[in-house]
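As provided, input06.cif (mmCIF, C-alpha atoms) reads as follows.
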```
data_coords
#
loop_
_atom_site.group_PDB
_atom_site.id
_atom_site.type_symbol
_atom_site.label_atom_id
_atom_site.label_comp_id
_atom_site.auth_asym_id
_atom_site.auth_seq_id
_atom_site.Cartn_x
_atom_site.Cartn_y
_atom_site.Cartn_z
ATOM 1 C CA MET E 1180 -5.069 -7.724 -21.165
ATOM 2 C CA SER E 1181 -2.000 -6.671 -23.123
ATOM 3 C CA SER E 1182 0.924 -9.023 -23.358
ATOM 4 C CA LEU E 1183 3.146 -6.011 -22.635
ATOM 5 C CA ALA E 1184 1.484 -5.635 -19.216
ATOM 6 C CA GLU E 1185 1.996 -9.354 -18.602
ATOM 7 C CA MET E 1186 5.651 -9.007 -19.530
ATOM 8 C CA ALA E 1187 6.085 -5.992 -17.255
ATOM 9 C CA ALA E 1188 4.439 -7.962 -14.438
ATOM 10 C CA ILE E 1189 7.494 -10.233 -14.178
ATOM 11 C CA PHE E 1190 9.027 -7.449 -12.068
ATOM 12 C CA LEU E 1191 6.295 -7.985 -9.465
ATOM 13 C CA ALA E 1192 6.270 -10.593 -6.697
ATOM 14 C CA SER E 1193 4.289 -13.684 -7.775
ATOM 15 C CA LYS E 1194 1.338 -13.011 -5.411
ATOM 16 C CA ASP E 1195 1.088 -9.385 -6.636
ATOM 17 C CA ARG E 1196 1.357 -10.477 -10.270
ATOM 18 C CA ASP E 1197 -1.748 -12.659 -10.180
ATOM 19 C CA ALA E 1198 -3.800 -10.183 -8.172
ATOM 20 C CA VAL E 1199 -2.838 -7.152 -10.277
ATOM 21 C CA LEU E 1200 -3.301 -8.807 -13.676
ATOM 22 C CA GLY E 1201 -6.628 -10.220 -12.460
ATOM 23 C CA ASP E 1202 -7.782 -6.798 -11.246
ATOM 24 C CA LEU E 1203 -6.836 -5.237 -14.576
ATOM 25 C CA ALA E 1204 -8.695 -7.959 -16.482
ATOM 26 C CA GLU E 1205 -11.745 -7.440 -14.272
ATOM 27 C CA ALA E 1206 -11.641 -3.673 -14.834
ATOM 28 C CA GLY E 1207 -11.334 -4.246 -18.582
ATOM 29 C CA ALA E 1208 -8.028 -2.373 -18.773
ATOM 30 C CA SER E 1209 -6.038 -3.095 -21.890
ATOM 31 C CA GLY E 1210 -3.050 -1.979 -23.922
ATOM 32 C CA TRP E 1211 -1.084 1.027 -22.729
ATOM 33 C CA SER E 1212 -3.394 1.656 -19.792
ATOM 34 C CA ALA E 1213 -2.722 -1.826 -18.359
ATOM 35 C CA LEU E 1214 0.999 -1.466 -19.042
ATOM 36 C CA GLY E 1215 1.060 1.941 -17.343
ATOM 37 C CA SER E 1216 -0.700 0.534 -14.275
ATOM 38 C CA VAL E 1217 1.749 -2.338 -13.913
ATOM 39 C CA LEU E 1218 4.807 -0.131 -14.446
ATOM 40 C CA GLY E 1219 3.394 2.425 -12.019
ATOM 41 C CA LEU E 1220 3.197 -0.270 -9.355
ATOM 42 C CA VAL E 1221 6.723 -1.525 -10.115
ATOM 43 C CA VAL E 1222 8.121 2.016 -9.757
ATOM 44 C CA ARG E 1223 6.167 2.686 -6.548
ATOM 45 C CA GLN E 1224 7.316 -0.625 -5.004
ATOM 46 C CA GLN E 1225 10.937 0.220 -5.795
ATOM 47 C CA MET E 1226 10.549 3.725 -4.353
ATOM 48 C CA GLU E 1227 8.980 2.272 -1.236
ATOM 49 C CA LEU E 1228 12.030 0.013 -0.762
ATOM 50 C CA TRP E 1229 14.408 2.974 -0.997
ATOM 51 C CA ARG E 1230 12.678 4.791 1.856
ATOM 52 C CA ALA E 1231 14.613 2.551 4.258
ATOM 53 C CA TRP E 1232 18.352 2.941 4.974
ATOM 54 C CA GLN E 1233 19.273 -0.668 4.170
ATOM 55 C CA PRO E 1234 19.259 -0.437 0.338
ATOM 56 C CA TRP E 1235 21.458 2.681 0.524
ATOM 57 C CA VAL E 1236 24.030 0.948 2.709
ATOM 58 C CA ALA E 1237 23.855 -2.245 0.631
ATOM 59 C CA SER E 1238 24.471 -0.391 -2.621
ATOM 60 C CA SER E 1239 27.265 1.688 -1.058
ATOM 61 C CA VAL E 1240 28.958 -1.499 0.154
ATOM 62 C CA ALA E 1241 28.533 -3.050 -3.302
ATOM 63 C CA PHE E 1242 30.016 -0.020 -5.088
ATOM 64 C CA ALA E 1243 32.852 0.771 -2.670
ATOM 65 C CA GLY E 1244 33.609 -2.925 -2.088
ATOM 66 C CA SER E 1245 33.869 -3.514 -5.827
ATOM 67 C CA LEU E 1246 36.043 -0.436 -6.358
ATOM 68 C CA LEU E 1247 38.502 -1.446 -3.628
ATOM 69 C CA SER E 1248 38.470 -5.168 -4.403
ATOM 70 C CA LEU E 1249 39.566 -4.492 -7.986
ATOM 71 C CA GLY E 1250 42.876 -3.292 -6.582
ATOM 72 C CA VAL E 1251 43.107 -6.254 -4.221
ATOM 73 C CA SER E 1252 42.482 -8.704 -7.109
ATOM 74 C CA PHE E 1253 45.101 -6.993 -9.228
ATOM 75 C CA GLY E 1254 47.602 -7.080 -6.344
ATOM 76 C CA LEU E 1255 46.957 -10.785 -5.857
ATOM 77 C CA SER E 1256 47.472 -11.455 -9.582
ATOM 78 C CA VAL E 1257 50.777 -9.579 -9.556
ATOM 79 C CA ASP E 1258 51.901 -11.462 -6.423
ATOM 80 C CA SER E 1259 50.917 -14.789 -8.020
ATOM 81 C CA ARG E 1260 53.061 -13.934 -11.032
ATOM 82 C CA HIS E 1261 55.976 -13.142 -8.687
ATOM 83 C CA LEU E 1262 55.359 -16.457 -6.920
ATOM 84 C CA LEU E 1263 55.586 -18.365 -10.206
ATOM 85 C CA ARG E 1264 58.882 -16.610 -10.930
ATOM 86 C CA GLY E 1265 60.121 -17.485 -7.460
ATOM 87 C CA GLU E 1266 60.251 -13.848 -6.354
ATOM 88 C CA ARG E 1267 57.594 -14.222 -3.633
ATOM 89 C CA GLY E 1268 56.960 -16.734 -0.876
ATOM 90 C CA TYR E 1269 53.884 -18.974 -0.708
ATOM 91 C CA GLY E 1270 52.898 -17.564 2.688
ATOM 92 C CA ARG E 1271 52.471 -14.007 1.453
ATOM 93 C CA VAL E 1272 50.404 -15.003 -1.600
ATOM 94 C CA LEU E 1273 48.256 -17.396 0.430
ATOM 95 C CA CYS E 1274 47.616 -14.621 2.924
ATOM 96 C CA GLU E 1275 46.622 -12.205 0.126
ATOM 97 C CA ALA E 1276 44.343 -14.810 -1.433
ATOM 98 C CA LEU E 1277 42.590 -15.597 1.860
ATOM 99 C CA LEU E 1278 42.132 -11.905 2.555
ATOM 100 C CA MET E 1279 40.653 -11.282 -0.886
ATOM 101 C CA LEU E 1280 38.251 -14.219 -0.508
ATOM 102 C CA SER E 1281 37.169 -13.135 2.983
ATOM 103 C CA TRP E 1282 36.796 -9.443 2.175
ATOM 104 C CA ALA E 1283 34.786 -10.168 -0.981
ATOM 105 C CA TRP E 1284 32.576 -12.772 0.705
ATOM 106 C CA THR E 1285 31.794 -10.612 3.750
ATOM 107 C CA SER E 1286 31.085 -7.518 1.606
ATOM 108 C CA GLY E 1287 28.776 -9.601 -0.615
ATOM 109 C CA PHE E 1288 27.079 -11.141 2.421
ATOM 110 C CA VAL E 1289 26.417 -7.725 3.975
ATOM 111 C CA ALA E 1290 25.064 -6.274 0.701
ATOM 112 C CA GLY E 1291 22.860 -9.336 0.114
ATOM 113 C CA SER E 1292 21.558 -9.583 3.666
ATOM 114 C CA LEU E 1293 20.739 -5.896 4.016
ATOM 115 C CA SER E 1294 18.556 -5.631 0.974
ATOM 116 C CA ALA E 1295 17.888 -8.703 -1.140
ATOM 117 C CA LYS E 1296 15.064 -6.950 -3.009
ATOM 118 C CA THR E 1297 17.380 -4.243 -4.387
ATOM 119 C CA ARG E 1298 20.095 -6.711 -5.402
ATOM 120 C CA CYS E 1299 19.779 -5.670 -9.067
ATOM 121 C CA VAL E 1300 20.794 -2.087 -8.218
ATOM 122 C CA SER E 1301 23.627 -3.349 -5.985
ATOM 123 C CA GLY E 1302 24.725 -5.636 -8.837
ATOM 124 C CA VAL E 1303 24.789 -2.778 -11.334
ATOM 125 C CA LEU E 1304 26.728 -0.559 -8.902
ATOM 126 C CA CYS E 1305 29.235 -3.368 -8.402
ATOM 127 C CA ALA E 1306 29.530 -3.920 -12.167
ATOM 128 C CA ILE E 1307 30.230 -0.265 -13.096
ATOM 129 C CA PRO E 1308 33.777 -0.059 -11.600
ATOM 130 C CA CYS E 1309 34.507 -3.568 -12.923
ATOM 131 C CA LEU E 1310 33.548 -2.635 -16.449
ATOM 132 C CA PHE E 1311 35.488 0.620 -16.281
ATOM 133 C CA CYS E 1312 38.581 -1.143 -14.966
ATOM 134 C CA VAL E 1313 38.442 -4.050 -17.448
ATOM 135 C CA LEU E 1314 38.065 -1.680 -20.392
ATOM 136 C CA ARG E 1315 40.959 0.522 -19.288
ATOM 137 C CA PHE E 1316 43.275 -2.284 -18.219
ATOM 138 C CA GLN E 1317 46.730 -1.759 -19.716
ATOM 139 C CA ASP E 1318 49.102 -4.358 -18.219
ATOM 140 C CA THR E 1319 49.797 -6.652 -21.187
ATOM 141 C CA SER E 1320 51.547 -9.286 -19.070
ATOM 142 C CA LEU E 1321 48.286 -10.127 -17.245
ATOM 143 C CA SER E 1322 44.804 -10.963 -18.433
ATOM 144 C CA ARG E 1323 42.440 -8.039 -17.963
ATOM 145 C CA LEU E 1324 40.045 -10.412 -16.221
ATOM 146 C CA CYS E 1325 42.532 -10.784 -13.348
ATOM 147 C CA VAL E 1326 40.977 -7.736 -11.668
ATOM 148 C CA LEU E 1327 37.692 -9.646 -11.363
ATOM 149 C CA LEU E 1328 39.006 -12.415 -9.095
ATOM 150 C CA PHE E 1329 36.903 -11.077 -6.206
ATOM 151 C CA LEU E 1330 33.626 -11.372 -8.121
ATOM 152 C CA LEU E 1331 32.919 -15.068 -7.521
ATOM 153 C CA PRO E 1332 33.327 -15.007 -3.699
ATOM 154 C CA GLY E 1333 31.439 -11.696 -3.639
ATOM 155 C CA VAL E 1334 28.480 -13.089 -5.573
ATOM 156 C CA VAL E 1335 28.449 -16.284 -3.457
ATOM 157 C CA GLY E 1336 28.425 -14.077 -0.334
ATOM 158 C CA ALA E 1337 25.570 -11.951 -1.704
ATOM 159 C CA VAL E 1338 23.452 -15.015 -2.516
ATOM 160 C CA GLN E 1339 24.089 -16.556 0.912
ATOM 161 C CA GLY E 1340 23.418 -13.212 2.611
ATOM 162 C CA GLY E 1341 20.105 -12.923 0.792
ATOM 163 C CA ARG E 1342 19.083 -16.362 2.086
ATOM 164 C CA ARG E 1343 20.522 -16.446 5.607
ATOM 165 C CA LYS E 1344 20.414 -12.764 6.555
ATOM 166 C CA ARG E 1345 22.900 -13.173 9.429
ATOM 167 C CA LEU E 1346 25.578 -15.487 10.790
ATOM 168 C CA TYR E 1347 25.723 -17.147 14.185
ATOM 169 C CA PHE E 1348 27.528 -14.906 16.654
ATOM 170 C CA ALA E 1349 30.389 -17.355 17.252
ATOM 171 C CA THR E 1350 30.910 -17.848 13.497
ATOM 172 C CA ALA E 1351 30.874 -14.097 12.878
ATOM 173 C CA VAL E 1352 33.412 -13.442 15.664
ATOM 174 C CA MET E 1353 35.719 -16.202 14.397
ATOM 175 C CA LEU E 1354 35.528 -14.883 10.838
ATOM 176 C CA ALA E 1355 36.169 -11.245 11.797
ATOM 177 C CA THR E 1356 39.038 -12.236 14.120
ATOM 178 C CA PHE E 1357 40.532 -14.435 11.403
ATOM 179 C CA ILE E 1358 40.461 -11.609 8.845
ATOM 180 C CA THR E 1359 41.882 -9.062 11.312
ATOM 181 C CA ALA E 1360 44.653 -11.497 12.298
ATOM 182 C CA LEU E 1361 45.503 -12.123 8.634
ATOM 183 C CA MET E 1362 45.747 -8.381 8.043
ATOM 184 C CA LEU E 1363 48.059 -7.919 11.019
ATOM 185 C CA LEU E 1364 50.115 -10.925 9.956
ATOM 186 C CA ARG E 1365 50.568 -9.572 6.443
ATOM 187 C CA GLY E 1366 51.909 -6.270 7.690
ATOM 188 C CA ASP E 1367 51.401 -3.508 5.085
ATOM 189 C CA MET E 1368 48.177 -1.735 5.968
ATOM 190 C CA TYR E 1369 46.280 0.525 3.655
ATOM 191 C CA ALA E 1370 43.178 2.594 4.453
ATOM 192 C CA ARG E 1371 41.469 0.407 1.843
ATOM 193 C CA ASP E 1372 42.093 -2.719 3.946
ATOM 194 C CA TRP E 1373 40.413 -1.232 6.993
ATOM 195 C CA PHE E 1374 37.370 -0.311 4.938
ATOM 196 C CA LEU E 1375 37.163 -3.859 3.582
ATOM 197 C CA LEU E 1376 37.346 -5.180 7.143
ATOM 198 C CA LEU E 1377 34.219 -3.248 8.194
ATOM 199 C CA PRO E 1378 31.661 -5.722 6.732
ATOM 200 C CA ALA E 1379 33.147 -8.556 8.832
ATOM 201 C CA TRP E 1380 32.666 -6.601 12.078
ATOM 202 C CA TRP E 1381 29.262 -5.438 10.894
ATOM 203 C CA LEU E 1382 28.320 -9.131 10.701
ATOM 204 C CA VAL E 1383 29.501 -9.545 14.307
ATOM 205 C CA ALA E 1384 27.350 -6.604 15.420
ATOM 206 C CA THR E 1385 24.218 -7.858 13.610
ATOM 207 C CA ALA E 1386 24.733 -11.408 14.909
ATOM 208 C CA LYS E 1387 25.042 -10.078 18.467
ATOM 209 C CA ARG E 1388 21.926 -7.930 18.079
ATOM 210 C CA SER E 1389 19.973 -10.886 16.711
ATOM 211 C CA GLU E 1390 21.137 -13.064 19.621
ATOM 212 C CA LEU E 1391 20.124 -10.394 22.148
ATOM 213 C CA SER E 1392 16.657 -10.007 20.629
ATOM 214 C CA LYS E 1393 16.202 -13.815 20.695
ATOM 215 C CA GLU E 1394 17.147 -13.839 24.391
ATOM 216 C CA LYS E 1395 14.691 -11.026 25.042
ATOM 217 C CA VAL E 1396 11.878 -12.974 23.314
ATOM 218 C CA ALA E 1397 12.780 -16.138 25.265
ATOM 219 C CA ALA E 1398 12.743 -14.196 28.546
ATOM 220 C CA MET H 826 -1.136 7.957 12.883
ATOM 221 C CA LEU H 827 -2.588 6.837 9.569
ATOM 222 C CA GLY H 828 -2.323 8.821 6.369
ATOM 223 C CA GLU H 829 -5.460 10.037 4.640
ATOM 224 C CA PHE H 830 -5.348 7.467 1.830
ATOM 225 C CA GLU H 831 -4.524 4.682 4.294
ATOM 226 C CA TYR H 832 -7.636 5.609 6.267
ATOM 227 C CA VAL H 833 -9.807 5.702 3.111
ATOM 228 C CA LEU H 834 -8.524 2.287 2.026
ATOM 229 C CA MET H 835 -9.076 0.696 5.439
ATOM 230 C CA THR H 836 -12.555 2.177 5.773
ATOM 231 C CA VAL H 837 -13.574 0.924 2.337
ATOM 232 C CA ALA H 838 -12.075 -2.525 3.040
ATOM 233 C CA ALA H 839 -13.936 -2.700 6.348
ATOM 234 C CA GLY H 840 -17.172 -1.698 4.608
ATOM 235 C CA LEU H 841 -16.778 -4.373 1.924
ATOM 236 C CA GLY H 842 -16.220 -7.025 4.591
ATOM 237 C CA GLU H 843 -15.730 -10.534 3.200
ATOM 238 C CA SER H 844 -15.693 -9.313 -0.389
ATOM 239 C CA ALA H 845 -12.817 -6.847 0.057
ATOM 240 C CA TYR H 846 -10.110 -7.412 -2.553
ATOM 241 C CA GLY H 847 -7.979 -5.193 -4.826
ATOM 242 C CA ALA H 848 -10.389 -4.432 -7.694
ATOM 243 C CA ALA H 849 -13.448 -4.085 -5.429
ATOM 244 C CA ILE H 850 -11.639 -1.704 -3.062
ATOM 245 C CA ARG H 851 -10.382 0.374 -5.978
ATOM 246 C CA GLU H 852 -13.839 0.608 -7.549
ATOM 247 C CA GLU H 853 -15.417 1.568 -4.223
ATOM 248 C CA ILE H 854 -12.788 4.272 -3.517
ATOM 249 C CA GLU H 855 -13.390 5.793 -6.961
ATOM 250 C CA LYS H 856 -17.182 5.642 -6.477
ATOM 251 C CA VAL H 857 -17.494 6.825 -2.864
ATOM 252 C CA ALA H 858 -14.477 9.102 -2.396
ATOM 253 C CA ARG H 859 -14.800 10.414 -5.957
ATOM 254 C CA ARG H 860 -11.077 10.271 -6.557
ATOM 255 C CA SER H 861 -9.007 8.217 -8.939
ATOM 256 C CA CYS H 862 -7.087 5.345 -7.404
ATOM 257 C CA SER H 863 -4.205 3.793 -9.304
ATOM 258 C CA ILE H 864 -3.265 0.141 -8.951
ATOM 259 C CA GLY H 865 0.194 1.287 -7.822
ATOM 260 C CA ALA H 866 -1.132 3.463 -4.993
ATOM 261 C CA LEU H 867 -3.562 0.749 -3.924
ATOM 262 C CA TYR H 868 -1.120 -2.142 -3.726
ATOM 263 C CA THR H 869 1.800 -0.219 -2.194
ATOM 264 C CA THR H 870 -0.557 1.074 0.501
ATOM 265 C CA ILE H 871 -1.956 -2.423 1.142
ATOM 266 C CA GLU H 872 1.618 -3.698 1.421
ATOM 267 C CA ARG H 873 2.577 -0.949 3.871
ATOM 268 C CA LEU H 874 -0.515 -1.454 6.024
ATOM 269 C CA GLU H 875 0.065 -5.205 6.097
ATOM 270 C CA LYS H 876 3.662 -4.653 7.262
ATOM 271 C CA LYS H 877 2.322 -2.454 10.073
ATOM 272 C CA GLY H 878 -0.081 -5.250 11.035
ATOM 273 C CA LEU H 879 -3.162 -3.160 10.246
ATOM 274 C CA LEU H 880 -4.342 -5.361 7.370
ATOM 275 C CA LYS H 881 -4.180 -9.053 6.625
ATOM 276 C CA THR H 882 -4.149 -10.305 3.040
ATOM 277 C CA TRP H 883 -4.347 -13.734 1.451
ATOM 278 C CA MET H 884 -4.896 -15.144 -2.011
ATOM 279 C CA GLY H 885 -8.524 -15.931 -2.729
ATOM 280 C CA GLU H 886 -10.443 -17.640 -5.512
ATOM 281 C CA ALA H 887 -9.792 -17.237 -9.227
ATOM 282 C CA THR H 888 -12.676 -16.376 -11.569
ATOM 283 C CA ALA H 889 -13.143 -16.551 -15.322
ATOM 284 C CA GLN H 890 -13.861 -12.807 -15.352
ATOM 285 C CA ARG H 891 -10.333 -12.289 -14.038
ATOM 286 C CA GLY H 892 -8.761 -14.547 -16.653
ATOM 287 C CA GLY H 893 -8.419 -17.337 -14.101
ATOM 288 C CA ARG H 894 -6.269 -15.224 -11.782
ATOM 289 C CA ALA H 895 -6.616 -15.208 -7.996
ATOM 290 C CA LYS H 896 -7.872 -12.246 -5.956
ATOM 291 C CA ARG H 897 -5.833 -10.727 -3.142
ATOM 292 C CA MET H 898 -8.358 -10.630 -0.324
ATOM 293 C CA VAL H 899 -8.044 -7.981 2.390
ATOM 294 C CA ARG H 900 -9.235 -7.853 5.983
ATOM 295 C CA VAL H 901 -8.740 -5.112 8.583
ATOM 296 C CA THR H 902 -7.091 -6.521 11.728
ATOM 297 C CA PRO H 903 -8.151 -5.528 15.285
ATOM 298 C CA LYS H 904 -5.019 -3.327 15.410
ATOM 299 C CA GLY H 905 -6.178 -1.735 12.155
ATOM 300 C CA VAL H 906 -9.662 -1.110 13.547
ATOM 301 C CA HIS H 907 -8.067 0.623 16.537
ATOM 302 C CA ALA H 908 -5.819 2.801 14.314
ATOM 303 C CA ALA H 909 -8.725 3.756 12.017
ATOM 304 C CA LYS H 910 -10.912 4.629 15.009
ATOM 305 C CA GLU H 911 -8.132 6.819 16.434
ATOM 306 C CA PHE H 912 -7.751 8.614 13.100
ATOM 307 C CA TYR H 913 -11.511 9.138 12.798
ATOM 308 C CA GLU H 914 -11.800 10.542 16.325
ATOM 309 C CA ALA H 915 -8.808 12.833 15.802
ATOM 310 C CA MET H 916 -10.384 14.191 12.615
ATOM 311 C CA MET H 917 -13.686 14.761 14.433
ATOM 312 C CA ARG H 918 -11.893 16.663 17.231
ATOM 313 C CA VAL H 919 -9.835 18.730 14.801
ATOM 314 C CA SER H 920 -12.912 19.606 12.716
ATOM 315 C CA ARG H 921 -15.041 20.558 15.756
ATOM 316 C CA ASN H 922 -14.957 24.337 15.179
ATOM 317 C CA ALA H 923 -14.529 24.391 11.426
ATOM 318 C CA SER H 924 -17.321 26.093 9.487
ATOM 319 C CA TRP H 925 -17.858 23.062 7.235
ATOM 320 C CA ALA H 926 -18.426 20.897 10.303
ATOM 321 C CA THR H 927 -20.626 23.270 12.321
ATOM 322 C CA GLY H 928 -22.565 24.674 9.388
ATOM 323 C CA LYS H 929 -21.915 28.234 10.678
ATOM 324 C CA PRO H 930 -20.695 30.846 8.164
ATOM 325 C CA GLU H 931 -16.909 31.285 7.994
ATOM 326 C CA ARG H 932 -15.431 34.179 10.033
ATOM 327 C CA ALA H 933 -13.682 36.846 8.000
ATOM 328 C CA SER H 934 -9.931 37.107 8.759
#
```

Could I get this file's structure written as C-alpha cells?
Amino acid sequence: MSSLAEMAAIFLASKDRDAVLGDLAEAGASGWSALGSVLGLVVRQQMELWRAWQPWVASSVAFAGSLLSLGVSFGLSVDSRHLLRGERGYGRVLCEALLMLSWAWTSGFVAGSLSAKTRCVSGVLCAIPCLFCVLRFQDTSLSRLCVLLFLLPGVVGAVQGGRRKRLYFATAVMLATFITALMLLRGDMYARDWFLLLPAWWLVATAKRSELSKEKVAA
Amino acid sequence: MLGEFEYVLMTVAAGLGESAYGAAIREEIEKVARRSCSIGALYTTIERLEKKGLLKTWMGEATAQRGGRAKRMVRVTPKGVHAAKEFYEAMMRVSRNASWATGKPERAS
C-alpha cells in the first residue's frame, strides 16, 4: 500500500477509509494504482454530493453573502470611526453592528446546515471576494481587515448550522422578526439588505417544515 | 427502478451472502460480469443504495491480509430484494421477443 494512497484517504469518511485501504491491500494494489483508486473514489463522492440542490444553494449563499457582507463590514467600520469622532450616535452604530452580526450568522447557518459535506467549497467561495477586497483595499484611514468583520459570526453560524441543521420554529421567527425590525428601524434600505435578510426567513421556513413533519410522524 | 450496475452489485452481494464485502464483491463482479469495477464506482454505488434503504452495511472484522483494516460488510435488505426482483422481471419482459432471448434469428429491417 502506498503512503500516497493513505494520505489521499484522509479525504474519505473514516469508515470508508478503513474499508477502502483494506480492500486495496487485499487486492495487492500499490503505488499509483492505489492512489488512483482512492482519488477516483474521492472525486466520485464529491460529484455525487453535487447532484443535489443543497450544495449549490449553500455555495451561492456563501459567495453572495460574503460579497455583500464585505460592504456591510466596511460601512460599520466607517460608522464606528464617525462615532469615535462624535459625528454619529450610538444607536445607529449599534443597529448596524447587530444587523451585521445577524446577517452574517444566519447566512453562515444556512450555508452550513444545507451542505456540511461541501463546506470546503463554500469556504473557498466565501474567501475569494474577501481576498480580492483585502488586496484592493485603498482607504488608508482604516485597516484593510475591517472589511472582514463579518467573518467570525459567519463562521460560527456555519459551524453551528453544520451541527444543528435547523432552529426551533419560535427561535427562528424571533430572530427573523428581530432582524426585519432592526432593518425597518434603521431606515435606509438597499437591495443588498433584503438579500441578506433572506437566510433568516429561510430558517423560519425550514423550522416550520421540520415541525410539520414531526407532527405528521407523531400523528 | 435500479440502474444496471446497481442491479449487478446487489445480485453479487446477495449471492455472496454472509461474506459480501467491498473487495469480495468487486472481485466477483470482475469475474462473473467480466467487466472492470473501480473502487470508486463500487463504494459510491453502495453508498447510494444504502441511502435508498436497499442495502445495509456495517464494519466487520479486520484481517492481517488487509493490513489490520476492517471490512465493510454488505447485506441486501428486504426492500432491496424487492427492487432487484422488479428489475429482473422487467428485464425478462422487455427481452421476451429479442432474438438473443428466444434464440430465433434476427429479422432483417

Which residues of chain E have any atom within 12 Å of an atom in chain H when counting all atoms listed in the file, and what is the closest pair of atoms for each, with the distance in Å to one decimal? Order the rows by chain and rising number and write it as a Markdown table.
```
| residue | atom | partner | partner_atom | distance |
| --- | --- | --- | --- | --- |
| E:Met1180 | CA | H:Gly892 | CA | 9.0 |
| E:Leu1191 | CA | H:Tyr868 | CA | 11.0 |
| E:Ala1192 | CA | H:Tyr868 | CA | 11.6 |
| E:Ser1193 | CA | H:Met884 | CA | 10.9 |
| E:Lys1194 | CA | H:Met884 | CA | 7.4 |
| E:Asp1195 | CA | H:Arg897 | CA | 7.9 |
| E:Arg1196 | CA | H:Arg894 | CA | 9.1 |
| E:Asp1197 | CA | H:Arg894 | CA | 5.4 |
| E:Ala1198 | CA | H:Lys896 | CA | 5.1 |
| E:Val1199 | CA | H:Ile864 | CA | 7.4 |
| E:Leu1200 | CA | H:Arg894 | CA | 7.3 |
| E:Gly1201 | CA | H:Arg891 | CA | 4.5 |
| E:Asp1202 | CA | H:Ala848 | CA | 5.0 |
| E:Leu1203 | CA | H:Ala848 | CA | 7.8 |
| E:Ala1204 | CA | H:Arg891 | CA | 5.2 |
| E:Glu1205 | CA | H:Arg891 | CA | 5.1 |
| E:Ala1206 | CA | H:Ala848 | CA | 7.3 |
| E:Gly1207 | CA | H:Arg891 | CA | 9.3 |
| E:Ala1208 | CA | H:Ile864 | CA | 11.2 |
| E:Ser1212 | CA | H:Ser863 | CA | 10.7 |
| E:Ala1213 | CA | H:Ile864 | CA | 9.6 |
| E:Leu1214 | CA | H:Ile864 | CA | 11.1 |
| E:Gly1215 | CA | H:Gly865 | CA | 9.6 |
| E:Ser1216 | CA | H:Ile864 | CA | 5.9 |
| E:Val1217 | CA | H:Gly865 | CA | 7.3 |
| E:Leu1218 | CA | H:Gly865 | CA | 8.2 |
| E:Gly1219 | CA | H:Gly865 | CA | 5.4 |
| E:Leu1220 | CA | H:Gly865 | CA | 3.7 |
| E:Val1221 | CA | H:Gly865 | CA | 7.5 |
| E:Val1222 | CA | H:Gly865 | CA | 8.2 |
| E:Arg1223 | CA | H:Gly865 | CA | 6.3 |
| E:Gln1224 | CA | H:Thr869 | CA | 6.2 |
| E:Gln1225 | CA | H:Thr869 | CA | 9.8 |
| E:Met1226 | CA | H:Thr869 | CA | 9.8 |
| E:Glu1227 | CA | H:Thr869 | CA | 7.7 |
| E:Leu1228 | CA | H:Thr869 | CA | 10.3 |
| E:Arg1230 | CA | H:Arg873 | CA | 11.8 |
```

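Of note, atom CA of E:Cys1309 and atom CA of E:Gly1333 are spaced 12.7 Å apart.
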
Neighbour list for E:Gly1250 as a count of residues only, cut-off 10 Å, only C-alpha atoms, skip fewer than 6 positions in-chain: 6

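For the pair atom CA of H:Gly905 and atom CA of H:Ala838, the separation is 10.9 Å.
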
Residues in the PyMOL selection byres ((chain E and resi 1280) around 9), expressed as a PyMOL selection string: chain E and resi 1275-1279+1281-1285+1328-1329+1331-1333

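The space between atom CA of E:Val1383 and atom CA of E:Arg1365 spans 22.5 Å.
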
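Near E:Ser1245, within a cut-off of 10 Å and counting all atoms listed in the file, sit the residues Ser1239, Val1251, Ala1283, Ser1286, Gly1287, Gly1302, Leu1304, Cys1305, Ala1306, Ile1307, Pro1308, Cys1309, Leu1327, Phe1329, Leu1330, Gly1333 and Leu1375 of chain E, with same-chain residues fewer than 6 positions away left out.
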
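Residues with any atom within 10 Å of E:Val1257, counting all atoms listed in the file and excluding same-chain neighbours fewer than 4 positions away, are Val1251, Ser1252, Phe1253, His1261, Leu1262, Val1272, Ser1320, Leu1321 and Cys1325 of chain E.
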
Residue IDs satisfying the PyMOL selection byres ((chain H and resi 880) around 7), as a list in words: Leu874, Glu875, Gly878, Leu879, Lys881, Thr882, Val899, Arg900, Val901, Thr902 and Gly905 of chain H

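Residues with any atom within 9 Å of the point (39.4, -13.1, 10.6), counting all atoms listed in the file, are E:Leu1278, E:Ser1281, E:Ala1351, E:Val1352, E:Met1353, E:Leu1354, E:Ala1355, E:Thr1356, E:Phe1357, E:Ile1358, E:Thr1359, E:Ala1360, E:Leu1361, E:Met1362, E:Leu1376, E:Ala1379.
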
Exercise: E:Ser1294 partners within 7 Å, only C-alpha atoms, chain neighbours under 5 positions left out, as a VMD selection string: chain E and resid 1233 to 1234 1237

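The shortest atom-to-atom distance to H:Ala908, with all atoms listed in the file taken into account, belongs to H:Lys877 out of H:Lys856, H:Cys862, H:Lys877, H:Ser920.
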
Selection: 10 Å around E:Val1236, all atoms listed in the file, excl. self and same-chain fewer than 5 positions, as a count of residues only: 8

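Comparing the minimum interatomic distances between E:Val1335 and each of E:Tyr1369, E:Phe1288, E:Leu1310, E:Glu1266, counting only C-alpha atoms, we find that E:Phe1288 sits nearest.
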